[in-house]
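Chemist: Quick one: structure below, then a few questions.
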Amino acid sequence: MEHSLELSRIEQLGDALYEAFASNSVITPLLKQEPEITLEDAYKVQERFIQRRLDAGETIVGKKIGVTSKAVQDYLGVFQPDFGQLTSNMVHENGARLDLGKLIQPKAEAELAFVLKEDLVGPGITAMDVIRATDYVMPCFEIVDSRIKNWEIKIQDTVADNASCGVYVLGDAKADPRDLDLTLAGMVLEKNGEVFSTGVGAAVQGSPANAVAWLANTLGELGLPFKAGEVILSGSQSVLVDVEDGDELVCTVGGLGSCKVSFHGGSSQ
């Protein structure tokens, strides 16, 4: 993959995303600003955006995998997942009541979080390696959010925008992945007490462990290891849920347990 943008322009775009994040505002899609932007450029923009957050005092605590479902891949016109960085300011505990005024245009998705007990360094990592290196899995909600106006995104936009990561909520329930069938474990998502969607792990690259292995290998080629203790969000097992003031979501994974989040206040947009 070729770079098409000058480093100074990459830094400008990363800074613009950081400023949008810091001020709860949106920017014009990057592809509209720079039609020649490549995926490699977009990851460089993400790096700059995250570096600004680290400079402001956050730390990296894990990674997220996005664009794992065929429907989303078709929508974005891509045939592989993407990834973003999880930072210390993103994490919330089970039952969190999130202030919509601190998010821009949030949507929720239910997924499985992997917490590692040993480093995973690709390439060459298999799903079995992932399961061996995992301390436990937990149900979680990722609240995706976009600094791109009206969610008008293609793959370059979401990658640059840290894979559209907002915040995430980890359930209390923990299980050894060897005790669960990650592929077939059903996930039920309820919104305000009613079933909203159901899914299984197989919706995520055949199994959430496959998605984590893909990312370990992709990052390995970039010289980025997964570290023991890191949290890996493995990709949505639900459709995206629009959220507004007063909404409560619960996702329950068969054989594991549940995660709950609620929302209050107004969106900043």
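Every chain in the structure tokens has a letter given in the order shown (A, B, ...), and although residue numbers restart at 1 in each chain, ligands are simply numbered from 1 in the order shown.
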As an MDAnalysis selection string, which residues of range 46-174 of chain A does DSSP assign to helix (DSSP H, G or I)?
Modeler: chainID A and resid 46:55 70:76 88:90 100:102 127:133 149:151 155:160 162:164
Chemist: With C-alpha atoms retained, export the selected residues as a compact mmCIF listing (two decimals), in the first residue's frame.
Modeler:
# COMPACT_ATOMS: atom_id res chain seq x y z
CA GLN A 46 -5.25 7.29 13.79
CA GLU A 47 -1.76 7.09 15.30
CA ARG A 48 -1.56 10.90 15.46
CA PHE A 49 -5.08 11.18 16.95
CA ILE A 50 -4.23 8.62 19.65
CA GLN A 51 -0.85 10.23 20.34
CA ARG A 52 -2.66 13.48 21.11
CA ARG A 53 -4.83 11.61 23.62
CA LEU A 54 -1.76 10.00 25.20
CA ASP A 55 -0.06 13.39 25.39
CA LYS A 70 -20.32 -9.11 6.42
CA ALA A 71 -23.12 -6.52 6.43
CA VAL A 72 -20.82 -3.77 7.70
CA GLN A 73 -17.98 -4.85 5.40
CA ASP A 74 -20.32 -4.66 2.41
CA TYR A 75 -21.54 -1.24 3.52
CA LEU A 76 -17.97 0.10 3.79
CA SER A 88 -7.87 4.42 29.95
CA ASN A 89 -10.59 7.09 29.71
CA MET A 90 -12.90 4.86 27.65
CA LEU A 100 -25.01 11.41 26.29
CA GLY A 101 -23.80 15.00 26.51
CA LYS A 102 -20.22 13.68 26.61
CA ALA A 127 -7.66 -19.07 17.38
CA MET A 128 -6.35 -21.82 19.68
CA ASP A 129 -3.36 -19.63 20.61
CA VAL A 130 -5.80 -16.83 21.45
CA ILE A 131 -7.84 -19.08 23.76
CA ARG A 132 -4.65 -20.31 25.48
CA ALA A 133 -3.43 -16.74 26.05
CA LYS A 149 -20.35 14.21 10.34
CA ASN A 150 -23.57 12.12 10.15
CA TRP A 151 -21.64 8.83 10.30
CA ILE A 155 -13.16 2.50 5.72
CA GLN A 156 -10.52 5.28 5.60
CA ASP A 157 -12.75 7.55 7.70
CA THR A 158 -13.49 5.04 10.44
CA VAL A 159 -9.87 3.81 10.61
CA ALA A 160 -8.53 7.36 10.96
CA ASN A 162 -9.79 5.20 15.80
CA ALA A 163 -12.27 2.68 14.38
CA SER A 164 -15.14 4.90 15.58
Chemist: Any chance you could list, as an NGL selection string, the residues in range 15-251 of chain A that come up strand (DSSP E) when DSSP is run on the backbone?
Modeler: :A and (60-66 or 82-87 or 91-93 or 96-99 or 107-116 or 134-144 or 165-170 or 186-191 or 194-200 or 231-236 or 241-242 or 248-251)
Chemist: Please provide the set of residues having any atom within 12 Å of Leu182 in chain A, restricted to only C-alpha atoms, with same-chain residues fewer than 6 positions apart removed, written as a PyMOL selection string.
Modeler: chain A and resi 111-114+127-128+130-131+136-139+175-176+199-211+234+237+253-256
Chemist: Please indicate the distance in Å from CA of Phe79 in chain A to CA of Val121 in chain A, rounded to one decimal place.
Modeler: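 Atom-to-atom, CA of Phe79 in chain A to CA of Val121 in chain A, that is 23.2 Å.
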Chemist: Please, which residues in range 101-200 of chain A fall within 8 Å of range 259-267 of chain A when counting only C-alpha atoms, and what is the closest atom pair and distance in Å to one decimal for each, ordered by chain then residue number, as JSON lines?
Modeler:
{"residue": "A:Gly101", "atom": "CA", "partner": "A:Ser267", "partner_atom": "CA", "distance": 4.7}
{"residue": "A:Lys102", "atom": "CA", "partner": "A:Ser267", "partner_atom": "CA", "distance": 7.4}
{"residue": "A:Leu103", "atom": "CA", "partner": "A:Ser267", "partner_atom": "CA", "distance": 6.5}
{"residue": "A:Ile104", "atom": "CA", "partner": "A:Ser267", "partner_atom": "CA", "distance": 6.2}
{"residue": "A:Gln105", "atom": "CA", "partner": "A:Ser267", "partner_atom": "CA", "distance": 6.9}
{"residue": "A:Pro139", "atom": "CA", "partner": "A:Cys259", "partner_atom": "CA", "distance": 5.7}
{"residue": "A:Cys140", "atom": "CA", "partner": "A:Cys259", "partner_atom": "CA", "distance": 5.7}
{"residue": "A:Phe141", "atom": "CA", "partner": "A:Cys259", "partner_atom": "CA", "distance": 7.2}
{"residue": "A:Val169", "atom": "CA", "partner": "A:Val261", "partner_atom": "CA", "distance": 7.1}
{"residue": "A:Leu170", "atom": "CA", "partner": "A:Cys259", "partner_atom": "CA", "distance": 6.6}
{"residue": "A:Gly171", "atom": "CA", "partner": "A:Cys259", "partner_atom": "CA", "distance": 4.2}
{"residue": "A:Asp172", "atom": "CA", "partner": "A:Cys259", "partner_atom": "CA", "distance": 7.0}
{"residue": "A:Ala173", "atom": "CA", "partner": "A:Cys259", "partner_atom": "CA", "distance": 7.8}
Chemist: Given the choices A:Ile37, A:Ala213, A:Ala22, A:Val250, which gets closest to Ile125 in chain A if the distance is worked out from only C-alpha atoms?
Modeler: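 Answer, going by the shortest atom-to-atom distance: A:Ala213.
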Chemist: Using only C-alpha atoms, which residues sit within 6 Å of Val61 in chain A once same-chain residues fewer than 4 positions away are excluded, as a list of chain:residue names?
Modeler: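 The residues that qualify are A:Leu86, A:Thr87, A:Ser88, A:Glu230.
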Chemist: I'd like the contact shell of Thr218 in chain A - 8 Å cut-off, only C-alpha atoms, skipping same-chain residues fewer than 4 positions apart - returned as a PyMOL selection string.
Modeler: chain A and resi 122-123+214+222
Chemist: Would you save the residues of that selection, restricted to N, CA and C atoms, as a tab-separated table (two decimals), in the first residue's frame?
Modeler:
chain	number	residue	atom	x	y	z
A	122	GLY	N	1.98	-11.80	16.87
A	122	GLY	CA	1.85	-12.38	15.54
A	122	GLY	C	3.06	-12.04	14.69
A	123	PRO	N	3.12	-12.51	13.45
A	123	PRO	CA	2.11	-13.35	12.78
A	123	PRO	C	2.18	-14.81	13.21
A	214	TRP	N	-6.86	-12.74	14.01
A	214	TRP	CA	-6.61	-11.86	12.85
A	214	TRP	C	-5.88	-10.59	13.30
A	222	LEU	N	2.93	-5.23	11.99
A	222	LEU	CA	3.23	-3.81	12.21
A	222	LEU	C	4.18	-3.61	13.40
Chemist: Suppose you want the space between CA of Gly193 in chain A and CA of Asp247 in chain A; what is it in Å?
Modeler: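 Atom-to-atom, CA of Gly193 in chain A and CA of Asp247 in chain A are spaced 9.7 Å apart.
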Chemist: Might you pull out every residue within 12 Å of range 30-32 of chain A, with only C-alpha atoms counted and same-chain residues fewer than 2 positions away left off, and present them as a ChimeraX atom specification?
Modeler: /A:5,9-10,12-14,16-17,26-28,34-39,41-42,45-46,147-149,151-161
Chemist: So the first atom is CA of Leu120 in chain A and the second is CA of Gly235 in chain A; what is the distance between them in Å, to one decimal place?
Modeler: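 Separating CA of Leu120 in chain A from CA of Gly235 in chain A is a distance of 18.1 Å.
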Chemist: In terms of the shortest atom-to-atom distance over only C-alpha atoms, which of A:Lys227, A:Gly220, A:Leu249, A:Ile232 is closest to Asn192 in chain A?
Modeler: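 Ranking A:Lys227, A:Gly220, A:Leu249, A:Ile232 by distance to Asn192 in chain A, first place goes to A:Leu249.
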